[in-house]
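Undergrad: To start, I am sharing the structure in question, which I have written as structure tokens.
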Amino acid sequence: MQPMKLYCFAQSGNAYRAALMLQVCDVPWEPVFVDFFNGETRTAAFRAEVNEMGEVPVLVDGDLKLSQSGVILDYLAHKTGRFLPDTEAERREALRWILFDNHKFTSYFATLRFMVALSGQSEGDVTAFLRLRAMSAYGIVDAHLARSDFLVGAMPTYADVSLAGYVFYPERAGVELAQFPHLERWAARIAALPGWVHPYDLMPGHPLPPRAA
């Protein structure tokens, strides 16, 4: 079987979800570095040849090309039979958390992290708003994990892989895992999964060169 290819770069938690899923499912794969910070995803060539949305991750499996991390996680779970919920009700619950992740848990924090830690923008009303929303979303997940080791059922599913996208990055922008003890313990359980690798060790592009920081 030819290794799958994943278009990615180290700072992208969205790409990390897909890379982590490949790792913990023990799927052979190769990273294809995307030079996001120098504008590669905004080029006409990238949008015509890789992803019309101008985003990573993009997974290539033979003739199949997939974008959007939730779609990639679903595909890999069904292809490998790994990290799938046991019942139809649990599958819906996993989808519920993946949608919450994309809409709130990741989106607010990822935008805040990019503005403060990666782009060096000044703090202001926008970053304050994003931090407040990120803290609220983290609090919701923390409360849920007070009752369960994982998001759905007793074992990790692809919902857990989805929410793990940004929690291991060191650039916290004021949203520290230590403020959410149940979430912090959950992150430790994810990091203990066979095959887990830190995002900066798993994907190319770290550290950023000084001119792109």
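Ligands are numbered from 1 in the order shown, chains are lettered A, B, ... in the order of the structure tokens, and residues start at 1 in each chain.
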I'd like a table as a Markdown table: residues in range 87-110 of chain A with an atom no more than 12 Å from range 114-123 of chain A, each row giving the shortest atom pair and its distance in Å to one decimal, only C-alpha atoms counted, sorted by chain and rising residue number.
TA:
```
| residue | atom | partner | partner_atom | distance |
| --- | --- | --- | --- | --- |
| A:Thr106 | CA | A:Phe114 | CA | 11.7 |
| A:Ser107 | CA | A:Phe114 | CA | 10.6 |
| A:Tyr108 | CA | A:Phe114 | CA | 10.1 |
| A:Phe109 | CA | A:Phe114 | CA | 8.5 |
| A:Ala110 | CA | A:Phe114 | CA | 6.1 |
```
Undergrad: How would you write, as an MDAnalysis selection string, the set of residues in range 29-182 of chain A that DSSP gives as alpha helix (DSSP H)?
TA: chainID A and resid 44:49 69:80 88:100 106:113 125:145 158:163 181:182
Undergrad: Tell me, as number ranges by chain, which residues lie within 12 Å of Val34 in chain A, counting only C-alpha atoms; anything in the same chain fewer than 3 positions away does not count.
TA: A: 6-12, 15, 31, 37-43, 46, 50-51, 54-58, 203-206
Undergrad: Please produce an output containing N, CA and C atoms for each residue in the selection, written as a PDB file, in the first residue's frame.
TA:
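Saved as part19.pdb:
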```pdb
ATOM      1  N   LEU A   6      -0.126  13.852   3.388  1.00  0.00           N
ATOM      2  CA  LEU A   6      -0.871  14.875   4.115  1.00  0.00           C
ATOM      3  C   LEU A   6      -0.205  16.223   3.892  1.00  0.00           C
ATOM      4  N   TYR A   7      -0.934  17.137   3.261  1.00  0.00           N
ATOM      5  CA  TYR A   7      -0.473  18.519   3.126  1.00  0.00           C
ATOM      6  C   TYR A   7      -0.663  19.193   4.484  1.00  0.00           C
ATOM      7  N   CYS A   8       0.413  19.742   5.030  1.00  0.00           N
ATOM      8  CA  CYS A   8       0.360  20.219   6.412  1.00  0.00           C
ATOM      9  C   CYS A   8       1.524  21.149   6.691  1.00  0.00           C
ATOM     10  N   PHE A   9       1.477  21.795   7.844  1.00  0.00           N
ATOM     11  CA  PHE A   9       2.627  22.516   8.400  1.00  0.00           C
ATOM     12  C   PHE A   9       2.508  22.491   9.911  1.00  0.00           C
ATOM     13  N   ALA A  10       3.638  22.602  10.593  1.00  0.00           N
ATOM     14  CA  ALA A  10       3.718  22.268  12.010  1.00  0.00           C
ATOM     15  C   ALA A  10       2.818  23.107  12.904  1.00  0.00           C
ATOM     16  N   GLN A  11       2.588  24.363  12.539  1.00  0.00           N
ATOM     17  CA  GLN A  11       1.829  25.267  13.414  1.00  0.00           C
ATOM     18  C   GLN A  11       0.318  25.091  13.302  1.00  0.00           C
ATOM     19  N   SER A  12      -0.137  24.273  12.372  1.00  0.00           N
ATOM     20  CA  SER A  12      -1.573  24.111  12.141  1.00  0.00           C
ATOM     21  C   SER A  12      -2.163  22.997  12.990  1.00  0.00           C
ATOM     22  N   ALA A  15      -4.304  20.684  10.842  1.00  0.00           N
ATOM     23  CA  ALA A  15      -3.519  19.631  10.201  1.00  0.00           C
ATOM     24  C   ALA A  15      -3.064  18.594  11.223  1.00  0.00           C
ATOM     25  N   PRO A  31       4.360  13.537   5.095  1.00  0.00           N
ATOM     26  CA  PRO A  31       3.931  14.942   5.101  1.00  0.00           C
ATOM     27  C   PRO A  31       4.378  15.649   3.826  1.00  0.00           C
ATOM     28  N   PHE A  37       3.092  30.463   5.900  1.00  0.00           N
ATOM     29  CA  PHE A  37       3.491  31.793   6.356  1.00  0.00           C
ATOM     30  C   PHE A  37       4.119  32.634   5.251  1.00  0.00           C
ATOM     31  N   ASN A  38       4.425  32.000   4.145  1.00  0.00           N
ATOM     32  CA  ASN A  38       4.867  32.745   2.975  1.00  0.00           C
ATOM     33  C   ASN A  38       3.819  32.726   1.861  1.00  0.00           C
ATOM     34  N   GLY A  39       2.583  32.417   2.247  1.00  0.00           N
ATOM     35  CA  GLY A  39       1.453  32.626   1.352  1.00  0.00           C
ATOM     36  C   GLY A  39       1.120  31.516   0.386  1.00  0.00           C
ATOM     37  N   GLU A  40       1.654  30.317   0.588  1.00  0.00           N
ATOM     38  CA  GLU A  40       1.411  29.258  -0.398  1.00  0.00           C
ATOM     39  C   GLU A  40      -0.061  28.923  -0.564  1.00  0.00           C
ATOM     40  N   THR A  41      -0.823  28.898   0.528  1.00  0.00           N
ATOM     41  CA  THR A  41      -2.232  28.510   0.412  1.00  0.00           C
ATOM     42  C   THR A  41      -3.069  29.554  -0.318  1.00  0.00           C
ATOM     43  N   ARG A  42      -2.516  30.767  -0.471  1.00  0.00           N
ATOM     44  CA  ARG A  42      -3.264  31.819  -1.173  1.00  0.00           C
ATOM     45  C   ARG A  42      -2.942  31.874  -2.665  1.00  0.00           C
ATOM     46  N   THR A  43      -2.047  31.011  -3.120  1.00  0.00           N
ATOM     47  CA  THR A  43      -1.670  31.053  -4.528  1.00  0.00           C
ATOM     48  C   THR A  43      -2.724  30.367  -5.391  1.00  0.00           C
ATOM     49  N   PHE A  46      -1.989  26.531  -5.674  1.00  0.00           N
ATOM     50  CA  PHE A  46      -2.434  25.694  -4.555  1.00  0.00           C
ATOM     51  C   PHE A  46      -3.937  25.474  -4.626  1.00  0.00           C
ATOM     52  N   VAL A  50      -4.483  21.748  -5.215  1.00  0.00           N
ATOM     53  CA  VAL A  50      -4.512  21.069  -3.915  1.00  0.00           C
ATOM     54  C   VAL A  50      -5.872  21.213  -3.241  1.00  0.00           C
ATOM     55  N   ASN A  51      -6.285  22.448  -2.989  1.00  0.00           N
ATOM     56  CA  ASN A  51      -7.551  22.663  -2.274  1.00  0.00           C
ATOM     57  C   ASN A  51      -8.113  24.023  -2.634  1.00  0.00           C
ATOM     58  N   GLY A  54      -8.188  26.804  -0.068  1.00  0.00           N
ATOM     59  CA  GLY A  54      -6.968  27.457   0.393  1.00  0.00           C
ATOM     60  C   GLY A  54      -6.613  27.120   1.818  1.00  0.00           C
ATOM     61  N   GLU A  55      -6.752  25.856   2.177  1.00  0.00           N
ATOM     62  CA  GLU A  55      -6.532  25.441   3.557  1.00  0.00           C
ATOM     63  C   GLU A  55      -5.784  24.115   3.620  1.00  0.00           C
ATOM     64  N   VAL A  56      -5.171  23.850   4.755  1.00  0.00           N
ATOM     65  CA  VAL A  56      -4.729  22.509   5.134  1.00  0.00           C
ATOM     66  C   VAL A  56      -5.582  22.106   6.341  1.00  0.00           C
ATOM     67  N   PRO A  57      -5.718  20.811   6.579  1.00  0.00           N
ATOM     68  CA  PRO A  57      -5.036  19.696   5.927  1.00  0.00           C
ATOM     69  C   PRO A  57      -5.732  19.250   4.643  1.00  0.00           C
ATOM     70  N   VAL A  58      -4.946  18.585   3.803  1.00  0.00           N
ATOM     71  CA  VAL A  58      -5.467  17.863   2.649  1.00  0.00           C
ATOM     72  C   VAL A  58      -4.837  16.480   2.674  1.00  0.00           C
ATOM     73  N   MET A 203       5.084  17.231  12.251  1.00  0.00           N
ATOM     74  CA  MET A 203       4.884  17.885  10.961  1.00  0.00           C
ATOM     75  C   MET A 203       6.023  18.862  10.688  1.00  0.00           C
ATOM     76  N   PRO A 204       6.332  19.103   9.429  1.00  0.00           N
ATOM     77  CA  PRO A 204       7.447  20.001   9.083  1.00  0.00           C
ATOM     78  C   PRO A 204       7.077  21.473   9.244  1.00  0.00           C
ATOM     79  N   GLY A 205       8.108  22.302   9.465  1.00  0.00           N
ATOM     80  CA  GLY A 205       7.907  23.745   9.490  1.00  0.00           C
ATOM     81  C   GLY A 205       8.178  24.417  10.809  1.00  0.00           C
ATOM     82  N   HIS A 206       8.657  23.670  11.806  1.00  0.00           N
ATOM     83  CA  HIS A 206       8.981  24.265  13.105  1.00  0.00           C
ATOM     84  C   HIS A 206      10.485  24.164  13.323  1.00  0.00           C
TER      85      HIS A 206
END
```
Undergrad: In terms of the shortest atom-to-atom distance over only C-alpha atoms, which of A:Ala192, A:Leu163, A:Asp86, A:Ser136 is closest to Phe100 in chain A?
TA: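 Among A:Ala192, A:Leu163, A:Asp86, A:Ser136, it is A:Leu163 that comes nearest to Phe100 in chain A.
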Undergrad: Report, in Å with one decimal, the straight-line distance from CA of Arg92 in chain A to CA of Leu22 in chain A.
TA: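 Result for CA of Arg92 in chain A versus CA of Leu22 in chain A: 22.2 Å, one decimal.
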Undergrad: Please compute the CA of Ser148 in chain A-CA of Trp97 in chain A distance, one decimal, in Å.
TA: 13.7 Å
Undergrad: Fewer than 2 positions away in the same chain doesn't count, so skip those; otherwise give me all residues within 8 Å of range 61-76 of chain A, counting only C-alpha atoms, as a PDB file with N, CA and C atoms, in the first residue's frame.
TA:
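Below is the file result12.pdb, written as the result:
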```
ATOM      1  N   GLN A   2       0.598   2.150  -0.920  1.00  0.00           N
ATOM      2  CA  GLN A   2       1.353   3.406  -0.971  1.00  0.00           C
ATOM      3  C   GLN A   2       1.024   4.263   0.257  1.00  0.00           C
ATOM      4  N   PRO A   3       2.024   4.928   0.831  1.00  0.00           N
ATOM      5  CA  PRO A   3       1.722   5.817   1.960  1.00  0.00           C
ATOM      6  C   PRO A   3       0.767   6.934   1.544  1.00  0.00           C
ATOM      7  N   MET A   4      -0.126   7.285   2.431  1.00  0.00           N
ATOM      8  CA  MET A   4      -0.956   8.461   2.199  1.00  0.00           C
ATOM      9  C   MET A   4      -0.084   9.705   2.302  1.00  0.00           C
ATOM     10  N   LYS A   5      -0.544  10.783   1.716  1.00  0.00           N
ATOM     11  CA  LYS A   5       0.153  12.061   1.804  1.00  0.00           C
ATOM     12  C   LYS A   5      -0.744  13.062   2.522  1.00  0.00           C
ATOM     13  N   ASN A  14      -5.268  22.247  12.936  1.00  0.00           N
ATOM     14  CA  ASN A  14      -6.207  21.544  12.069  1.00  0.00           C
ATOM     15  C   ASN A  14      -5.504  20.412  11.330  1.00  0.00           C
ATOM     16  N   ALA A  15      -4.304  20.684  10.842  1.00  0.00           N
ATOM     17  CA  ALA A  15      -3.519  19.631  10.201  1.00  0.00           C
ATOM     18  C   ALA A  15      -3.064  18.594  11.223  1.00  0.00           C
ATOM     19  N   ARG A  17      -4.642  17.433  13.750  1.00  0.00           N
ATOM     20  CA  ARG A  17      -5.691  16.432  13.963  1.00  0.00           C
ATOM     21  C   ARG A  17      -5.523  15.260  12.995  1.00  0.00           C
ATOM     22  N   ALA A  18      -5.370  15.599  11.717  1.00  0.00           N
ATOM     23  CA  ALA A  18      -5.252  14.561  10.696  1.00  0.00           C
ATOM     24  C   ALA A  18      -3.958  13.772  10.857  1.00  0.00           C
ATOM     25  N   MET A  21      -4.244  11.460  13.820  1.00  0.00           N
ATOM     26  CA  MET A  21      -5.104  10.313  13.511  1.00  0.00           C
ATOM     27  C   MET A  21      -4.340   9.284  12.687  1.00  0.00           C
ATOM     28  N   LEU A  22      -3.580   9.727  11.722  1.00  0.00           N
ATOM     29  CA  LEU A  22      -2.753   8.806  10.948  1.00  0.00           C
ATOM     30  C   LEU A  22      -1.781   8.051  11.860  1.00  0.00           C
ATOM     31  N   CYS A  25      -3.579   5.574  14.333  1.00  0.00           N
ATOM     32  CA  CYS A  25      -4.156   4.459  13.579  1.00  0.00           C
ATOM     33  C   CYS A  25      -3.091   3.624  12.878  1.00  0.00           C
ATOM     34  N   ASN A  51      -6.285  22.448  -2.989  1.00  0.00           N
ATOM     35  CA  ASN A  51      -7.551  22.663  -2.274  1.00  0.00           C
ATOM     36  C   ASN A  51      -8.113  24.023  -2.634  1.00  0.00           C
ATOM     37  N   GLU A  55      -6.752  25.856   2.177  1.00  0.00           N
ATOM     38  CA  GLU A  55      -6.532  25.441   3.557  1.00  0.00           C
ATOM     39  C   GLU A  55      -5.784  24.115   3.620  1.00  0.00           C
ATOM     40  N   VAL A  56      -5.171  23.850   4.755  1.00  0.00           N
ATOM     41  CA  VAL A  56      -4.729  22.509   5.134  1.00  0.00           C
ATOM     42  C   VAL A  56      -5.582  22.106   6.341  1.00  0.00           C
ATOM     43  N   PRO A  57      -5.718  20.811   6.579  1.00  0.00           N
ATOM     44  CA  PRO A  57      -5.036  19.696   5.927  1.00  0.00           C
ATOM     45  C   PRO A  57      -5.732  19.250   4.643  1.00  0.00           C
ATOM     46  N   VAL A  58      -4.946  18.585   3.803  1.00  0.00           N
ATOM     47  CA  VAL A  58      -5.467  17.863   2.649  1.00  0.00           C
ATOM     48  C   VAL A  58      -4.837  16.480   2.674  1.00  0.00           C
ATOM     49  N   LEU A  59      -5.674  15.448   2.664  1.00  0.00           N
ATOM     50  CA  LEU A  59      -5.197  14.068   2.678  1.00  0.00           C
ATOM     51  C   LEU A  59      -5.351  13.480   1.287  1.00  0.00           C
ATOM     52  N   HIS A  78     -13.216   5.100   9.602  1.00  0.00           N
ATOM     53  CA  HIS A  78     -13.951   4.041   8.911  1.00  0.00           C
ATOM     54  C   HIS A  78     -13.016   3.156   8.082  1.00  0.00           C
ATOM     55  N   LYS A  79     -11.974   3.715   7.530  1.00  0.00           N
ATOM     56  CA  LYS A  79     -11.042   2.920   6.725  1.00  0.00           C
ATOM     57  C   LYS A  79     -10.255   1.939   7.585  1.00  0.00           C
ATOM     58  N   THR A  80      -9.869   2.393   8.780  1.00  0.00           N
ATOM     59  CA  THR A  80      -9.038   1.560   9.644  1.00  0.00           C
ATOM     60  C   THR A  80      -9.838   0.792  10.690  1.00  0.00           C
ATOM     61  N   GLY A  81     -11.074   1.216  10.952  1.00  0.00           N
ATOM     62  CA  GLY A  81     -11.851   0.619  12.019  1.00  0.00           C
ATOM     63  C   GLY A  81     -11.388   1.042  13.400  1.00  0.00           C
ATOM     64  N   ARG A  82     -10.590   2.091  13.470  1.00  0.00           N
ATOM     65  CA  ARG A  82     -10.040   2.558  14.741  1.00  0.00           C
ATOM     66  C   ARG A  82     -10.735   3.841  15.181  1.00  0.00           C
ATOM     67  N   ILE A  98     -17.428  17.032  17.611  1.00  0.00           N
ATOM     68  CA  ILE A  98     -16.583  17.507  16.514  1.00  0.00           C
ATOM     69  C   ILE A  98     -17.101  18.839  15.987  1.00  0.00           C
ATOM     70  N   TYR A 158     -12.664   9.344  17.496  1.00  0.00           N
ATOM     71  CA  TYR A 158     -12.138  10.419  16.653  1.00  0.00           C
ATOM     72  C   TYR A 158     -12.603  11.789  17.098  1.00  0.00           C
ATOM     73  N   SER A 162     -10.101  14.993  17.384  1.00  0.00           N
ATOM     74  CA  SER A 162     -10.456  16.318  16.874  1.00  0.00           C
ATOM     75  C   SER A 162     -10.159  17.400  17.909  1.00  0.00           C
TER      76      SER A 162
END
```
Undergrad: In Å to one decimal, how far is CA of Val152 in chain A from CA of Glu184 in chain A?
TA: 16.9 Å
Undergrad: Pick the closest to Lys104 in chain A from A:Leu84, A:Gly139, A:Val60, A:Val126: which is it, counting only C-alpha atoms?
TA: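 Of all the options, A:Gly139 lies closest to Lys104 in chain A.
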Undergrad: Could you write out, as a PyMOL selection string, all the residues of range 32-205 of chain A that DSSP marks as strand (DSSP E)?
TA: chain A and resi 32-33+58-61+64-67
